[in-house]
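Report on one structure; see the data block that follows.
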Amino acid sequence: MFAIGYRCMDCGSGVKGTEPVFKCRHCGGSLEVIYDYERMHADFIPMQFRYMPPTHMKYHFALPLKKPHNAVTMGEGGTPLINIGDNTYVKYEGVNPTGAFKDRGSSVEISMAVELGKKQVVCASTGNMGASIAAYAARAGIEAVIFTPDFAEPVKLKQMKYYGAKIVKGGKTYSEALRKSVEYAQKTGAYITGDYPYRLEGQKTVAYEIVDQMNLAVPDNIVIPVGNGTLFYATYKAFNEMKCLGIVDRMPRLIAVQASGCAPIVNAFRKNMEKAEPIRKPETIASAINCDDPVDGAGVLKAIRKSKGDAVAVSDGQSIEAKLALAKKGVYAEISSATAYAGYLKLKPRGTTVIVITGVGFKDKY
Ligand SMILES: [Zn+2]
């Protein structure tokens, strides 16, 4: 295990050591885990990378787990990269154990909770993350408490209940639910999970896998639906790491897609701002990306600019059309994931493109 500390995505200040830290002590910004890349590079075995089939835990060298052999895992990752024509691929995360990309992050977060001897975890979620945390907590024998905004999809609440999670109404918006989950953690000592450094680390494996599945080639564009932006920033971080490790030699253009009724990052990108301004009255059927005040907003904006990427908003109508168009190619996507395809159709980026479809189509009523 090569983790050595943390760095703030917003103000750049560092924290040494591997004790869990959730937010920057100076500015409250999101943190990322920093590794000893020289040691990682020296110990890294490219042959292993080439010949092992892709799966989340294959990339444990880039995860902060102290005991990867004891990880809480259900074989997440290893999801198909599907060619849909026109030099375009879909990374279909809907086939993860709970039907969404969140399982990669949950596997790392719950493994860390187990390493730390925690008995209860809490998180705020529009649905997918809560269901995923609930599943991995159940597997680890840990109690899960999930704060959900009013717009959470009933089918996701049902999934959480089956896994045995306690669901708490968190209010109208995601940021309200998030605030309540933090208060709950402070009051009870429950281990807080969600869009924090360990989840970000877990989500990186999507990018490692894409490169692996393309025989170590780098696509020209990666299109990602953005709510809190953790997957987006994780993808950027993973490519920087793969450059350090000599696996790739360049960064793809990273393209963020949001719903026009809740597009704080697209707005900030267009206005050339470094931080996203919260949306007062978010409104979209794409509930999984309905994040009014994105946790990793500053990181996403940096990642878009550094990768010479782009950000685009699509209407709910365009997302429904995109869901239908993807289904006609055999890919059944959650509406919030179909937004990424809608964004791709709107921008038509040149070159090889990978679109990350974050969740399966059964996850909503549309
Ligand atoms: Zn900071």
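Each chain of the structure tokens is named A, B, ... in the order shown, its residues numbered from 1; ligands are numbered from 1 in display order.
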### Task
Let me have all residues with an atom within 12 Å of ligand 1, counting only C-alpha atoms and all ligand atoms, laid out as an MDAnalysis selection string.
chainID A and resid 6:15 22:32 296 298:299
### Message
Using only C-alpha atoms, which protein or nucleic acid residues come within 10 Å of segment 49-62 of chain A? Drop anything in the same chain fewer than 6 positions from it, and give the result as an MDAnalysis selection string.
### Response
chainID A and resid 1:3 33:35 37 40:41 43 68:69 71 73:80 103:105 107:108 201:206 208:210 212:213 215:216 238 241:242 247
Writer output for current selection, N, CA and C atoms, as a compact mmCIF listing (two decimals), in the first residue's frame:
# COMPACT_ATOMS: atom_id res chain seq x y z
N MET A 1 0.85 -1.20 0.00
CA MET A 1 0.00 0.00 0.00
C MET A 1 0.88 1.24 0.00
N PHE A 2 0.59 2.13 -0.96
CA PHE A 2 1.52 3.23 -1.26
C PHE A 2 1.00 4.61 -0.84
N ALA A 3 -0.19 4.66 -0.21
CA ALA A 3 -0.76 5.96 0.19
C ALA A 3 0.14 6.60 1.25
N VAL A 33 -6.29 11.39 -2.21
CA VAL A 33 -5.21 10.62 -1.60
C VAL A 33 -3.95 10.76 -2.46
N ILE A 34 -2.81 10.96 -1.81
CA ILE A 34 -1.54 11.05 -2.52
C ILE A 34 -0.73 9.78 -2.23
N TYR A 35 -0.08 9.24 -3.23
CA TYR A 35 0.71 8.02 -3.09
C TYR A 35 2.20 8.31 -3.28
N TYR A 37 4.49 7.64 -5.59
CA TYR A 37 4.44 7.11 -6.96
C TYR A 37 5.74 6.45 -7.39
N MET A 40 5.52 3.03 -6.02
CA MET A 40 4.47 2.33 -6.76
C MET A 40 5.01 1.90 -8.13
N HIS A 41 5.75 2.79 -8.74
CA HIS A 41 6.32 2.53 -10.07
C HIS A 41 7.33 1.38 -10.01
N ASP A 43 7.49 -1.04 -7.81
CA ASP A 43 6.87 -2.33 -7.48
C ASP A 43 5.86 -2.81 -8.52
N PRO A 68 -5.62 -5.38 1.22
CA PRO A 68 -6.47 -5.67 0.05
C PRO A 68 -6.99 -7.10 0.01
N HIS A 69 -6.22 -8.04 0.64
CA HIS A 69 -6.67 -9.45 0.64
C HIS A 69 -7.92 -9.62 1.50
N ALA A 71 -10.39 -7.29 1.56
CA ALA A 71 -11.35 -6.30 1.07
C ALA A 71 -12.76 -6.85 1.01
N THR A 73 -15.59 -7.28 -1.07
CA THR A 73 -15.75 -7.22 -2.53
C THR A 73 -16.80 -8.23 -3.01
N MET A 74 -17.45 -7.89 -4.12
CA MET A 74 -18.37 -8.84 -4.75
C MET A 74 -17.99 -9.00 -6.22
N GLY A 75 -16.69 -8.84 -6.49
CA GLY A 75 -16.24 -8.97 -7.89
C GLY A 75 -16.69 -7.83 -8.77
N GLU A 76 -16.91 -6.64 -8.12
CA GLU A 76 -17.32 -5.46 -8.89
C GLU A 76 -16.27 -5.10 -9.95
N GLY A 77 -16.67 -4.26 -10.89
CA GLY A 77 -15.76 -3.90 -11.98
C GLY A 77 -15.69 -4.99 -13.03
N GLY A 78 -14.71 -4.88 -13.93
CA GLY A 78 -14.63 -5.84 -15.04
C GLY A 78 -15.86 -5.71 -15.94
N THR A 79 -16.42 -4.51 -16.00
CA THR A 79 -17.65 -4.29 -16.77
C THR A 79 -17.32 -4.16 -18.26
N PRO A 80 -18.28 -4.52 -19.13
CA PRO A 80 -17.95 -4.53 -20.56
C PRO A 80 -17.74 -3.15 -21.17
N ASP A 103 -20.40 0.82 -6.83
CA ASP A 103 -19.88 -0.34 -6.09
C ASP A 103 -18.36 -0.31 -5.96
N ARG A 104 -17.69 0.30 -6.92
CA ARG A 104 -16.22 0.40 -6.84
C ARG A 104 -15.83 1.23 -5.62
N GLY A 105 -16.49 2.39 -5.48
CA GLY A 105 -16.21 3.27 -4.34
C GLY A 105 -16.66 2.64 -3.03
N SER A 107 -16.90 -0.52 -2.26
CA SER A 107 -16.00 -1.60 -1.89
C SER A 107 -14.81 -1.04 -1.10
N VAL A 108 -14.26 0.08 -1.57
CA VAL A 108 -13.11 0.68 -0.87
C VAL A 108 -13.55 1.29 0.47
N GLU A 201 -11.02 7.29 -4.68
CA GLU A 201 -9.99 6.31 -5.03
C GLU A 201 -10.61 5.09 -5.71
N GLY A 202 -11.70 4.60 -5.12
CA GLY A 202 -12.36 3.41 -5.67
C GLY A 202 -12.88 3.65 -7.08
N GLN A 203 -13.39 4.85 -7.33
CA GLN A 203 -13.98 5.13 -8.64
C GLN A 203 -12.92 5.22 -9.74
N LYS A 204 -11.66 5.41 -9.35
CA LYS A 204 -10.59 5.50 -10.35
C LYS A 204 -10.49 4.25 -11.22
N THR A 205 -10.89 3.12 -10.67
CA THR A 205 -10.64 1.86 -11.41
C THR A 205 -11.43 1.79 -12.72
N VAL A 206 -12.48 2.62 -12.87
CA VAL A 206 -13.20 2.68 -14.15
C VAL A 206 -12.20 3.08 -15.25
N TYR A 208 -8.80 2.98 -15.13
CA TYR A 208 -7.76 1.95 -15.32
C TYR A 208 -8.29 0.85 -16.23
N GLU A 209 -9.55 0.49 -16.01
CA GLU A 209 -10.14 -0.60 -16.79
C GLU A 209 -10.31 -0.23 -18.26
N ILE A 210 -10.74 1.01 -18.52
CA ILE A 210 -10.95 1.44 -19.92
C ILE A 210 -9.63 1.30 -20.69
N ASP A 212 -7.02 -0.55 -19.92
CA ASP A 212 -6.72 -1.97 -19.94
C ASP A 212 -7.48 -2.66 -21.09
N GLN A 213 -8.78 -2.35 -21.20
CA GLN A 213 -9.62 -3.00 -22.21
C GLN A 213 -9.32 -2.50 -23.62
N ASN A 215 -6.33 -2.19 -24.71
CA ASN A 215 -4.95 -2.63 -24.92
C ASN A 215 -3.94 -1.51 -24.70
N LEU A 216 -4.15 -0.76 -23.64
CA LEU A 216 -3.27 0.34 -23.19
C LEU A 216 -3.30 1.56 -24.12
N ALA A 238 -6.90 9.24 -12.16
CA ALA A 238 -6.41 7.93 -12.63
C ALA A 238 -5.50 8.10 -13.84
N GLU A 241 -2.19 9.34 -12.74
CA GLU A 241 -1.42 8.24 -12.12
C GLU A 241 -0.87 7.29 -13.17
N MET A 242 -1.70 6.96 -14.16
CA MET A 242 -1.24 6.03 -15.20
C MET A 242 -0.09 6.64 -16.00
N ILE A 247 1.97 3.78 -17.85
CA ILE A 247 0.99 2.94 -18.54
C ILE A 247 0.45 3.68 -19.77
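Going from atom CA of Ala185 of chain A to atom CA of Ile146 of chain A covers 11.2 Å.
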### Task
Could you give me the residues within segment 164-325 of chain A that DSSP places in strand (DSSP E or B), as a PyMOL selection string?
chain A and resi 166-169+191-192+221-225+253-259+262+310-314
Would you write out those residues with C-alpha atoms, as a JSON list (two decimals), in the first residue's frame?
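Contents of part37.json, freshly written:
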[["chain", "number", "residue", "atom", "x", "y", "z"],
["A", 166, "LYS", "CA", -32.16, 2.42, 7.76],
["A", 167, "ILE", "CA", -33.54, 5.19, 5.52],
["A", 168, "VAL", "CA", -33.95, 8.74, 6.86],
["A", 169, "LYS", "CA", -35.75, 11.53, 4.99],
["A", 191, "TYR", "CA", -18.38, 6.39, 10.02],
["A", 192, "ILE", "CA", -19.23, 8.80, 7.23],
["A", 221, "ASN", "CA", -12.65, 11.58, -25.31],
["A", 222, "ILE", "CA", -14.35, 10.23, -22.20],
["A", 223, "VAL", "CA", -17.90, 11.45, -21.60],
["A", 224, "ILE", "CA", -19.19, 11.25, -18.03],
["A", 225, "PRO", "CA", -22.51, 12.25, -16.41],
["A", 253, "ARG", "CA", -10.43, 15.07, -23.19],
["A", 254, "LEU", "CA", -12.83, 14.75, -20.30],
["A", 255, "ILE", "CA", -16.37, 15.86, -21.08],
["A", 256, "ALA", "CA", -18.90, 16.53, -18.30],
["A", 257, "VAL", "CA", -22.62, 16.21, -18.99],
["A", 258, "GLN", "CA", -25.29, 17.59, -16.65],
["A", 259, "ALA", "CA", -29.07, 17.99, -16.78],
["A", 262, "CYS", "CA", -29.29, 21.22, -12.42],
["A", 310, "ASP", "CA", -15.80, 20.42, -22.25],
["A", 311, "ALA", "CA", -19.06, 20.63, -20.31],
["A", 312, "VAL", "CA", -22.55, 20.48, -21.74],
["A", 313, "ALA", "CA", -26.10, 20.47, -20.38],
["A", 314, "VAL", "CA", -28.95, 18.45, -21.89]]
Cut-off 8 Å: closest segment 330-353 of chain A/segment 81-93 of chain A atom pairs per residue, using only C-alpha atoms, as a tab-separated table:
residue	atom	partner	partner_atom	distance
A:Val331	CA	A:Tyr92	CA	8.0
A:Gly351	CA	A:Asn87	CA	6.9
A:Thr352	CA	A:Asn87	CA	5.1
A:Thr353	CA	A:Thr88	CA	4.8
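Atom CA of Ala286 of chain A sits 8.3 Å away from atom CA of Ser319 of chain A.
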